[in-house]
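Below: run02.csv (CSV, C-alpha atoms)
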chain,number,residue,atom,x,y,z
A,1,MET,CA,89.7,97.9,72.8
A,2,ALA,CA,87.4,98.5,69.9
A,3,ASP,CA,85.5,95.4,70.7
A,4,HIS,CA,83.8,97.0,73.7
A,5,LYS,CA,80.3,98.2,73.2
A,6,GLY,CA,78.9,100.4,76.0
A,7,THR,CA,80.2,100.3,79.6
A,8,TRP,CA,78.6,97.1,81.0
A,9,TRP,CA,82.0,95.4,81.1
A,10,ILE,CA,83.3,98.1,83.4
A,11,TRP,CA,80.4,97.8,85.8
A,12,LYS,CA,80.7,94.0,85.8
A,13,ILE,CA,84.3,94.3,87.1
A,14,PHE,CA,83.1,96.9,89.6
A,15,TRP,CA,80.6,94.5,91.1
A,16,ILE,CA,83.1,91.7,91.2
A,17,LEU,CA,85.6,93.9,93.1
A,18,LEU,CA,82.9,95.1,95.5
A,19,ILE,CA,81.7,91.6,96.3
A,20,ILE,CA,85.2,90.3,96.9
A,21,THR,CA,86.0,93.3,99.2
A,22,THR,CA,82.8,92.8,101.1
A,23,VAL,CA,83.6,89.1,101.6
A,24,GLU,CA,87.1,90.0,102.8
A,25,VAL,CA,85.7,92.5,105.3
A,26,VAL,CA,83.0,90.2,106.6
A,27,LEU,CA,85.5,87.4,107.0
A,28,GLY,CA,87.9,89.8,108.7
A,29,ILE,CA,85.2,90.9,111.2
A,30,ILE,CA,83.7,87.5,112.1
A,31,LYS,CA,86.9,85.4,111.7
A,32,PRO,CA,85.2,82.0,111.4
A,33,GLU,CA,86.6,79.5,113.9
A,34,ILE,CA,87.0,76.8,111.3
A,35,MET,CA,89.3,79.0,109.1
A,36,LEU,CA,91.7,79.7,111.9
A,37,THR,CA,93.3,76.2,111.6
A,38,GLN,CA,97.0,76.5,111.1
A,39,LEU,CA,98.4,75.4,107.7
A,40,PHE,CA,102.1,75.8,106.9
A,41,GLY,CA,102.7,78.5,109.5
A,42,THR,CA,99.6,80.6,109.1
A,43,ALA,CA,95.8,80.4,109.4
A,44,ILE,CA,93.8,79.1,106.4
A,45,LEU,CA,91.9,82.5,106.6
A,46,ASN,CA,95.1,84.3,105.6
A,47,TYR,CA,95.4,82.1,102.5
A,48,VAL,CA,91.8,82.9,101.7
A,49,PHE,CA,92.7,86.7,102.0
A,50,ILE,CA,95.8,86.4,99.9
A,51,ILE,CA,94.0,84.4,97.1
A,52,LEU,CA,91.1,86.9,97.1
A,53,THR,CA,93.6,89.7,96.9
A,54,ILE,CA,95.3,88.2,93.9
A,55,VAL,CA,92.0,87.6,92.2
A,56,LYS,CA,91.1,91.3,92.7
A,57,ALA,CA,94.6,92.4,91.5
A,58,ALA,CA,94.2,90.2,88.4
A,59,TYR,CA,90.9,91.9,87.5
A,60,ILE,CA,92.3,95.4,87.9
A,61,VAL,CA,95.4,94.6,85.8
A,62,GLN,CA,93.7,92.6,83.1
A,63,VAL,CA,90.6,94.7,82.6
A,64,PHE,CA,91.1,98.2,84.1
A,65,MET,CA,94.7,98.4,82.9
A,66,HIS,CA,93.8,96.7,79.6
A,67,VAL,CA,96.6,94.2,79.7
A,68,LYS,CA,94.1,91.5,78.5
A,69,PHE,CA,93.9,93.4,75.2
A,70,GLU,CA,97.6,94.0,74.7
A,71,ASN,CA,99.6,91.8,72.3
A,72,LYS,CA,101.5,88.7,73.5
A,73,ALA,CA,104.9,90.4,73.6
A,74,MET,CA,103.6,93.2,75.7
A,75,LYS,CA,102.0,90.8,78.1
A,76,TYR,CA,105.3,89.0,78.6
A,77,VAL,CA,107.2,92.2,79.1
A,78,LEU,CA,104.8,93.2,81.9
A,79,TYR,CA,104.1,89.8,83.5
A,80,LEU,CA,107.4,88.0,83.5
A,81,PRO,CA,109.4,90.5,85.6
A,82,THR,CA,106.7,90.9,88.1
A,83,LEU,CA,105.8,87.3,88.4
A,84,ILE,CA,109.4,86.2,88.7
A,85,LEU,CA,110.9,89.0,90.8
A,86,ILE,CA,108.1,89.6,93.4
A,87,PRO,CA,107.7,85.9,94.4
A,88,TYR,CA,111.5,85.6,94.4
A,89,LEU,CA,111.9,88.7,96.7
A,90,THR,CA,109.2,87.4,99.0
A,91,PHE,CA,110.7,83.9,99.2
A,92,ILE,CA,114.3,85.1,99.8
A,93,LEU,CA,113.4,87.7,102.4
A,94,LEU,CA,111.0,85.4,104.4
A,95,THR,CA,113.5,82.5,104.2
A,96,GLU,CA,116.5,84.5,105.2
A,97,GLY,CA,114.3,86.3,107.7
A,98,SER,CA,113.5,83.0,109.5
A,99,TYR,CA,117.1,83.0,110.7
A,100,LEU,CA,116.2,86.0,112.8
A,101,PHE,CA,114.5,83.6,115.2
A,102,GLN,CA,117.8,81.7,115.9
B,1,MET,CA,99.5,96.1,64.6
B,2,ALA,CA,102.2,95.0,62.1
B,3,SER,CA,100.9,92.6,59.5
B,4,THR,CA,103.1,89.7,58.2
B,5,ALA,CA,103.7,91.5,55.0
B,6,GLU,CA,105.0,94.5,56.9
B,7,MET,CA,107.3,92.3,59.1
B,8,LYS,CA,109.1,91.1,56.0
B,9,ASP,CA,109.5,94.6,54.8
B,10,GLU,CA,113.1,95.8,54.5
B,11,ASN,CA,112.0,98.6,56.8
B,12,HIS,CA,111.7,96.0,59.6
B,13,TRP,CA,114.8,97.2,61.4
B,14,GLY,CA,114.1,100.8,60.4
B,15,GLY,CA,111.2,101.4,62.8
B,16,ALA,CA,108.3,100.0,60.8
B,17,SER,CA,107.8,97.0,63.2
B,18,ARG,CA,106.0,97.6,66.5
B,19,PRO,CA,106.7,94.5,68.5
B,20,LEU,CA,104.9,95.6,71.6
B,21,GLY,CA,102.0,97.2,69.8
B,22,ALA,CA,102.1,100.1,72.3
B,23,ARG,CA,103.1,103.7,72.0
B,24,TYR,CA,106.1,105.2,73.5
B,25,GLY,CA,104.4,107.2,76.3
B,26,LYS,CA,102.3,104.3,77.4
B,27,LEU,CA,105.3,102.0,77.4
B,28,MET,CA,107.3,104.3,79.6
B,29,MET,CA,104.4,104.6,82.0
B,30,TRP,CA,104.3,100.8,82.2
B,31,PHE,CA,108.0,100.6,82.8
B,32,PHE,CA,107.7,103.1,85.6
B,33,LEU,CA,104.8,101.2,87.1
B,34,LEU,CA,106.8,97.9,87.0
B,35,SER,CA,109.6,99.5,89.0
B,36,ASP,CA,107.2,101.0,91.4
B,37,ALA,CA,105.5,97.7,91.9
B,38,LEU,CA,108.8,96.2,92.9
B,39,THR,CA,109.4,99.1,95.3
B,40,PHE,CA,106.1,98.5,97.0
B,41,SER,CA,106.6,94.7,97.2
B,42,GLY,CA,110.0,95.4,98.8
B,43,PHE,CA,108.2,97.5,101.5
B,44,LEU,CA,105.5,94.9,102.1
B,45,THR,CA,107.9,92.0,102.3
B,46,ALA,CA,110.0,93.9,104.8
B,47,TYR,CA,106.9,94.5,106.8
B,48,GLY,CA,106.2,90.7,106.6
B,49,LEU,CA,109.7,90.0,107.8
B,50,MET,CA,109.4,92.2,110.9
B,51,ARG,CA,106.0,90.8,111.6
B,52,PHE,CA,107.3,87.2,111.5
B,53,LYS,CA,110.0,88.3,113.8
B,54,TYR,CA,107.7,89.7,116.5
B,55,GLU,CA,104.7,87.5,115.7
B,56,LYS,CA,103.5,87.0,119.2
B,57,THR,CA,103.3,90.6,120.3
B,58,TRP,CA,102.7,92.3,116.9
B,59,PRO,CA,99.6,94.6,117.3
B,60,ILE,CA,96.4,93.3,115.7
B,61,ALA,CA,95.2,95.8,113.2
B,62,GLU,CA,91.6,95.5,114.3
B,63,ASN,CA,92.5,96.6,117.8
B,64,VAL,CA,94.3,99.6,116.4
B,65,PHE,CA,92.1,101.0,113.7
B,66,THR,CA,88.7,101.0,115.4
B,67,HIS,CA,87.3,104.4,114.7
B,68,PHE,CA,84.5,105.4,112.4
B,69,PRO,CA,83.5,109.1,112.1
B,70,GLY,CA,80.4,109.9,114.1
B,71,ILE,CA,80.1,106.4,115.7
B,72,GLU,CA,81.2,105.8,119.3
B,73,GLY,CA,83.0,102.5,120.2
B,74,ASP,CA,84.7,99.7,118.3
B,75,GLN,CA,84.2,99.6,114.5
B,76,PRO,CA,87.0,97.3,113.3
B,77,LEU,CA,87.8,97.3,109.5
B,78,LEU,CA,84.7,99.4,108.7
B,79,TYR,CA,86.5,102.7,107.9
B,80,VAL,CA,89.2,101.1,105.9
B,81,ALA,CA,86.6,99.1,104.0
B,82,LEU,CA,84.9,102.4,103.1
B,83,MET,CA,88.3,103.8,102.0
B,84,THR,CA,88.8,100.8,99.8
B,85,PHE,CA,85.4,101.2,98.3
B,86,ILE,CA,86.0,104.8,97.5
B,87,LEU,CA,89.3,104.0,95.8
B,88,ILE,CA,87.7,101.2,93.7
B,89,MET,CA,84.9,103.5,92.8
B,90,SER,CA,87.3,106.2,91.6
B,91,SER,CA,89.2,103.5,89.6
B,92,VAL,CA,85.9,102.7,87.9
B,93,THR,CA,85.2,106.3,87.0
B,94,MET,CA,88.7,106.5,85.6
B,95,VAL,CA,88.0,103.5,83.2
B,96,LEU,CA,84.8,105.2,82.2
B,97,ALA,CA,86.8,108.4,81.5
B,98,VAL,CA,89.3,106.4,79.4
B,99,ASN,CA,86.5,104.7,77.6
B,100,ALA,CA,84.7,107.9,76.8
B,101,GLY,CA,88.1,109.4,75.6
B,102,GLU,CA,88.4,106.6,73.0
B,103,LYS,CA,85.0,107.6,71.7
B,104,MET,CA,86.1,111.3,71.6
B,105,ASN,CA,83.2,112.1,73.9
B,106,ARG,CA,84.5,115.3,75.6
B,107,GLY,CA,81.6,115.9,77.9
B,108,ALA,CA,81.7,112.4,79.3
B,109,VAL,CA,85.5,112.5,79.8
B,110,THR,CA,85.2,115.8,81.7
B,111,ASN,CA,82.5,114.4,83.9
B,112,TRP,CA,84.2,111.1,84.8
B,113,MET,CA,87.6,112.8,85.3
B,114,LEU,CA,86.0,115.1,87.8
B,115,TRP,CA,84.5,112.2,89.7
B,116,THR,CA,87.9,110.5,89.8
B,117,ILE,CA,89.5,113.6,91.3
B,118,ILE,CA,86.8,113.9,93.9
B,119,GLY,CA,87.2,110.2,94.8
B,120,GLY,CA,91.0,110.7,95.2
B,121,LEU,CA,90.5,113.7,97.4
B,122,ILE,CA,88.1,111.9,99.7
B,123,PHE,CA,90.6,109.0,99.9
B,124,VAL,CA,93.5,111.3,100.8
B,125,GLY,CA,91.3,113.1,103.4
B,126,SER,CA,90.3,109.7,104.9
B,127,GLN,CA,93.9,108.7,105.2
B,128,ALA,CA,94.7,112.0,107.0
B,129,TRP,CA,91.8,111.3,109.4
B,130,GLU,CA,93.1,107.8,110.1
B,131,TRP,CA,96.7,109.1,110.7
B,132,TYR,CA,95.3,111.8,113.0
B,133,HIS,CA,93.6,109.1,115.2
B,134,PHE,CA,96.6,106.8,115.0
B,135,ILE,CA,99.0,109.6,116.1
B,136,SER,CA,96.8,111.0,118.9
B,137,GLY,CA,96.2,107.6,120.3
B,138,ASP,CA,93.4,105.7,121.9
B,139,SER,CA,93.7,103.9,125.2
B,140,GLY,CA,97.3,104.6,126.3
B,141,ALA,CA,99.9,102.1,127.3
B,142,VAL,CA,102.8,101.4,129.7
B,143,GLU,CA,106.3,101.4,128.2
B,144,THR,CA,108.9,99.4,130.3
B,145,ASP,CA,112.5,100.5,130.6
B,146,HIS,CA,113.3,97.9,128.0
B,147,ALA,CA,110.9,99.6,125.5
B,148,GLU,CA,108.3,96.9,125.7
B,149,ILE,CA,104.7,98.0,125.4
B,150,LEU,CA,102.1,96.7,127.9
B,151,HIS,CA,98.4,97.3,128.0
B,152,VAL,CA,96.2,97.6,131.1
B,153,TYR,CA,93.5,94.9,131.8
B,154,ASN,CA,90.9,94.4,134.5
B,155,GLU,CA,90.0,91.2,136.4
B,156,GLU,CA,87.6,90.2,133.6
B,157,GLY,CA,90.3,90.4,131.0
B,158,GLU,CA,88.9,93.6,129.4
B,159,ARG,CA,91.4,96.1,128.0
B,160,LEU,CA,91.2,99.4,129.9
B,161,SER,CA,91.9,102.8,128.7
B,162,PHE,CA,93.7,105.3,130.9
B,163,SER,CA,90.4,107.2,131.2
B,164,GLN,CA,88.7,104.1,132.6
B,165,LEU,CA,91.7,103.3,134.8
B,166,VAL,CA,92.0,106.8,136.4
B,167,HIS,CA,88.3,107.9,136.4
B,168,GLY,CA,86.9,104.5,137.2
B,169,MET,CA,84.8,102.2,134.9
B,170,GLU,CA,81.6,104.2,135.2
B,171,ASN,CA,83.0,107.7,134.6
B,172,GLY,CA,85.8,106.8,132.1
B,173,HIS,CA,85.5,106.4,128.3
B,174,ALA,CA,86.7,103.4,126.3
B,175,SER,CA,89.0,105.9,124.5
B,176,ASN,CA,90.9,108.7,126.1
B,177,HIS,CA,89.4,111.3,123.8
B,178,GLY,CA,92.5,113.4,123.7
B,179,GLU,CA,92.8,113.6,127.5
B,180,THR,CA,96.4,113.4,128.7
B,181,PHE,CA,97.4,111.7,131.9
B,182,THR,CA,100.6,111.8,134.0
B,183,LYS,CA,102.6,108.8,135.1
B,184,ALA,CA,101.7,109.5,138.7
B,185,GLU,CA,97.9,109.4,138.1
B,186,VAL,CA,98.2,106.1,136.2
B,187,LEU,CA,100.5,104.6,138.8
B,188,ALA,CA,98.3,105.6,141.7
B,189,ALA,CA,95.2,104.1,139.9
B,190,LEU,CA,97.0,100.9,139.0
B,191,LYS,CA,98.2,100.5,142.6
B,192,ALA,CA,94.7,101.1,144.0
B,193,ASN,CA,93.1,98.3,141.9
B,194,GLU,CA,94.8,95.1,142.9
B,195,ALA,CA,92.9,93.0,140.3
B,196,TYR,CA,94.3,95.1,137.4
B,197,TYR,CA,97.3,93.8,135.5
B,198,LEU,CA,99.4,94.5,132.5
B,199,GLN,CA,99.7,92.4,129.3
B,200,GLU,CA,101.7,92.5,126.1
B,201,PRO,CA,99.7,93.2,122.9
B,202,GLY,CA,99.2,90.8,120.1
B,203,LYS,CA,97.9,87.2,119.6
B,204,ALA,CA,100.1,85.6,122.3
B,205,GLY,CA,101.2,88.4,124.5
B,206,GLU,CA,102.5,87.5,128.0
B,207,LYS,CA,100.4,88.4,131.1
B,208,PHE,CA,102.0,89.9,134.3
B,209,ASP,CA,100.7,89.8,137.8
B,210,HIS,CA,99.7,92.9,139.7
B,211,VAL,CA,103.0,93.3,141.6
B,212,ALA,CA,105.1,92.9,138.5
B,213,SER,CA,102.8,95.3,136.6
B,214,VAL,CA,103.2,98.0,139.2
B,215,ASN,CA,107.0,97.4,139.2
B,216,PHE,CA,107.1,97.8,135.4
B,217,LEU,CA,105.3,101.1,135.5
B,218,GLU,CA,107.5,102.4,138.3
B,219,GLN,CA,110.6,101.6,136.3
B,220,GLY,CA,109.1,102.6,133.0
B,221,ASP,CA,106.8,105.3,131.7
B,222,ILE,CA,103.4,105.8,130.1
B,223,VAL,CA,102.9,106.3,126.3
B,224,GLN,CA,99.9,108.0,124.7
B,225,GLY,CA,99.6,108.0,120.9
B,226,ALA,CA,102.1,106.9,118.3
B,227,ASN,CA,105.1,108.4,116.6
B,228,MET,CA,108.4,107.1,115.1
B,229,THR,CA,110.0,106.2,118.5
B,230,HIS,CA,107.1,105.5,120.8
B,231,ASN,CA,103.9,103.6,119.9
B,232,GLU,CA,101.1,102.8,122.4
B,233,TYR,CA,99.7,100.1,120.2
B,234,GLY,CA,102.8,97.8,120.4
B,235,ARG,CA,106.1,97.5,118.6
B,236,LYS,CA,107.4,100.8,117.3
B,237,GLN,CA,108.2,99.0,114.0
B,238,PHE,CA,104.4,98.7,113.5
B,239,ALA,CA,104.1,102.5,113.6
B,240,ASN,CA,107.2,102.9,111.4
B,241,PHE,CA,105.8,100.6,108.7
B,242,PHE,CA,102.4,102.1,109.0
B,243,PHE,CA,103.7,105.6,108.5
B,244,PHE,CA,106.0,104.6,105.7
B,245,ILE,CA,103.8,102.3,103.6
B,246,THR,CA,100.5,104.1,103.9
B,247,GLY,CA,102.4,107.4,103.7
B,248,PHE,CA,104.2,106.4,100.5
B,249,HIS,CA,100.9,105.1,99.1
B,250,GLY,CA,99.1,108.3,100.2
B,251,PHE,CA,101.8,110.3,98.4
B,252,HIS,CA,101.1,108.3,95.3
B,253,VAL,CA,97.4,109.1,95.6
B,254,PHE,CA,98.2,112.8,96.2
B,255,SER,CA,100.4,113.0,93.1
B,256,GLY,CA,97.8,111.1,91.2
B,257,VAL,CA,95.2,113.7,92.1
B,258,VAL,CA,97.5,116.5,91.0
B,259,ILE,CA,98.3,114.8,87.7
B,260,ASN,CA,94.6,114.0,87.2
B,261,PHE,CA,93.8,117.6,87.8
B,262,VAL,CA,96.4,118.7,85.2
B,263,ILE,CA,94.8,116.4,82.7
B,264,PHE,CA,91.3,117.6,83.7
B,265,TYR,CA,92.3,121.2,83.1
B,266,ASN,CA,93.7,120.3,79.7
B,267,ILE,CA,90.4,118.6,78.8
B,268,LEU,CA,88.6,121.8,79.8
B,269,LEU,CA,91.0,123.8,77.6
B,270,GLY,CA,90.3,121.4,74.7
B,271,THR,CA,94.0,120.4,74.3
B,272,TYR,CA,93.2,116.7,73.5
B,273,GLU,CA,90.3,117.7,71.2
B,274,ARG,CA,92.8,119.7,69.1
B,275,ARG,CA,95.3,116.9,69.3
B,276,GLY,CA,92.7,114.5,68.0
B,277,HIS,CA,93.0,111.8,70.7
B,278,TYR,CA,92.7,111.3,74.5
B,279,ARG,CA,95.8,109.1,75.0
B,280,MET,CA,97.0,111.2,77.9
B,281,VAL,CA,93.8,110.2,79.8
B,282,GLU,CA,94.7,106.5,79.2
B,283,LYS,CA,98.3,107.1,80.5
B,284,VAL,CA,97.2,108.8,83.8
B,285,GLY,CA,94.5,106.1,84.0
B,286,LEU,CA,97.2,103.4,84.1
B,287,TYR,CA,98.9,105.3,87.0
B,288,TRP,CA,95.6,105.7,88.8
B,289,HIS,CA,94.7,102.0,88.5
B,290,PHE,CA,98.1,101.2,89.8
B,291,VAL,CA,97.5,103.3,92.9
B,292,ASP,CA,94.3,101.3,93.5
B,293,LEU,CA,96.2,98.0,92.8
B,294,VAL,CA,98.8,98.8,95.5
B,295,TRP,CA,96.0,99.7,98.0
B,296,VAL,CA,94.4,96.3,97.4
B,297,PHE,CA,97.6,94.7,98.7
B,298,VAL,CA,98.2,97.2,101.5
B,299,PHE,CA,94.6,96.6,102.7
B,300,THR,CA,95.2,92.8,102.8
B,301,PHE,CA,98.6,92.8,104.4
B,302,PHE,CA,98.2,95.7,106.8
B,303,TYR,CA,94.5,95.3,107.9
B,304,LEU,CA,93.3,91.8,107.1
B,305,VAL,CA,96.0,89.3,107.5
Go ahead and express the file in the form of structure tokens.
Amino acid sequence: MADHKGTWWIWKIFWILLIITTVEVVLGIIKPEIMLTQLFGTAILNYVFIILTIVKAAYIVQVFMHVKFENKAMKYVLYLPTLILIPYLTFILLTEGSYLFQ
Amino acid sequence: MASTAEMKDENHWGGASRPLGARYGKLMMWFFLLSDALTFSGFLTAYGLMRFKYEKTWPIAENVFTHFPGIEGDQPLLYVALMTFILIMSSVTMVLAVNAGEKMNRGAVTNWMLWTIIGGLIFVGSQAWEWYHFISGDSGAVETDHAEILHVYNEEGERLSFSQLVHGMENGHASNHGETFTKAEVLAALKANEAYYLQEPGKAGEKFDHVASVNFLEQGDIVQGANMTHNEYGRKQFANFFFFITGFHGFHVFSGVVINFVIFYNILLGTYERRGHYRMVEKVGLYWHFVDLVWVFVFTFFYLV
């Protein structure tokens, strides 16, 4: 934390988040034809949205919430449960949920 | 941070070692946020499950949230984009407050905390405004006796509001503007225009011919607005999840504003100056960023995807 001089690093993240959000909104409004191609059950555009969201989330957690500057043990304590449990929950619910169609 | 020499110290098991390098309060805030993150992911995956189930007729968010204050007509995504921007901005002012706190700069902490609180209040207000429009409704819809929602279309495939249907295309508005209609009025207008028909909402909603449409309305009823049991935009589950997820998030924002205000008040009183550190600002900062983080996901899965 002490390695930060000034506030430029905060504003850098602000611009990154703003630009990503703008890109998302513009894509959401125009919905380019080429990105509506289906891939594994949903449009490519949706993958783009999800990836951009995870990038945004990573910047918020890493920089704004300071996880980047925590020690290794703390990083594991925070990342392992979320990165294992949330994908697991999503996977199991959507897989089991697909039986609702039958 | 514990040095190697300290680790070998006989006091290692007596509390001298700090394996996570974080203080108690901050650690407990993080544990709370982890459990809250799992709660929110539970809600969002449940939303995904329902959406997969009703994929063809699930309402498209851009056709639901189309209002922007002071502008007439369709403005998809614009308002929610502004809300996202406000929340990101207030997250930035919060980091600036934490940063100023580390430097023991009381004036700057006060200033940035105040901006954070203002940003949070604007966000909660915007959400209330969006809820108001969602609840009061837009175009109106027909609900069949099997609780299926159908929308009115004209011969050119344009979605009609009840206002346009009853008062005619020239005199009606694209939105009902709070005007309420009776089933008899809507039915008479639908019968009179033989080219008009009903269609299910969503990406691949089924179209019905004029005769079937009139029959649906005769058997069913009209819906204006949305609540937990009837929803003019489509599936009632859409409204349920909307109220529940954005409501739960909005409650987090509201509590965040209250907690931020308590901290702000303590900064004014000089509590942290006397304590010699601004760690409380850092702790509420974590909570506030988490609220922003959740919104990033809600924005994607509710409005974009």
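Here CA of Ser139 (chain B) is placed at a distance of 5.9 Å from CA of Phe162 (chain B).
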Counting all atoms listed in the file, what is within 6 Å of Ile149 (chain B), bar same-chain residues fewer than 6 positions away, as an NGL selection string?
:B and (142-143 or 234)
Residues of chain B that have any atom at most 8 Å from an atom of chain A: could you tabulate them with the shortest-distance atom pair and the distance in Å to one decimal, using only C-alpha atoms, ordered by chain and increasing number, as CSV?
residue,atom,partner,partner_atom,distance
B:Pro19,CA,A:Ala73,CA,6.8
B:Leu20,CA,A:Met74,CA,4.9
B:Gly21,CA,A:Asn71,CA,6.4
B:Ala22,CA,A:Met74,CA,7.8
B:Trp30,CA,A:Leu78,CA,7.6
B:Leu34,CA,A:Thr82,CA,7.1
B:Ala37,CA,A:Thr82,CA,7.9
B:Leu38,CA,A:Ile86,CA,6.7
B:Ser41,CA,A:Ile86,CA,6.5
B:Gly42,CA,A:Leu89,CA,7.3
B:Thr45,CA,A:Thr90,CA,5.8
B:Ala46,CA,A:Leu93,CA,7.5
B:Gly48,CA,A:Leu94,CA,7.5
B:Leu49,CA,A:Leu94,CA,5.9
B:Phe52,CA,A:Ser98,CA,7.8
B:Lys53,CA,A:Phe101,CA,6.7
B:Pro76,CA,A:Ile29,CA,7.0
B:Leu77,CA,A:Val25,CA,6.7
B:Leu78,CA,A:Val25,CA,7.8
B:Ala81,CA,A:Val25,CA,6.8
B:Phe85,CA,A:Leu18,CA,7.2
B:Ile88,CA,A:Phe14,CA,7.5
B:Met89,CA,A:Phe14,CA,7.6
B:Ser91,CA,A:Phe64,CA,7.9
B:Val92,CA,A:Phe14,CA,6.7
B:Val95,CA,A:Phe64,CA,6.2
B:Leu96,CA,A:Thr7,CA,7.2
B:Asn99,CA,A:Thr7,CA,7.9
B:Gly285,CA,A:Met65,CA,7.8
B:Leu286,CA,A:Met65,CA,5.7
B:His289,CA,A:Met65,CA,6.7
B:Leu293,CA,A:Ala57,CA,6.0
B:Val296,CA,A:Thr53,CA,6.7
B:Phe297,CA,A:Thr53,CA,6.7
B:Thr300,CA,A:Phe49,CA,6.6
B:Leu304,CA,A:Gly28,CA,6.0
B:Val305,CA,A:Asn46,CA,5.4
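Considering all atoms listed in the file, the residue among B:Val124, B:Leu150, B:Met94, B:Ile71 positioned nearest to Gly220 (chain B) is B:Leu150.
Taking CA of Glu148 (chain B) as the reference point, CA of Trp131 (chain B) is found at 22.5 Å.
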8 Å contact set for region 278-280 of chain B, only C-alpha atoms, chain neighbours under 5 positions out, as a ChimeraX atom specification:
/B:98,101-102,104,263,272-273
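For Phe261 (chain B), the non-local neighbours within 9 Å, defined as residues at least 3 positions apart in the same chain or in other chains and counting all atoms listed in the file, are Met113, Leu114, Ile117, Gly256, Val257, Val258, Phe264, Tyr265 and Asn266 of chain B.
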Could you check how far CA of Phe134 (chain B) sits from CA of Arg235 (chain B), in Å to one decimal?
13.8 Å
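Shortest separation to Leu187 (chain B) among B:Glu158, B:Val152, B:Gln199, B:Asp74 occurs at residue B:Val152, atoms counted being only C-alpha atoms.
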Leaving out Asn260 (chain B) and any residue of its chain fewer than 5 positions from it, which residues lie within 12 Å of it when counting all atoms listed in the file, given as a VMD selection string?
chain B and resid 90 94 97 109 to 110 112 to 121 252 to 255 265 to 267 280 to 288
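Each of B:Phe43, B:Trp13, B:Phe181, B:Trp58 was compared to Gln237 (chain B) using all atoms listed in the file, and B:Trp58 turns out to be the nearest.
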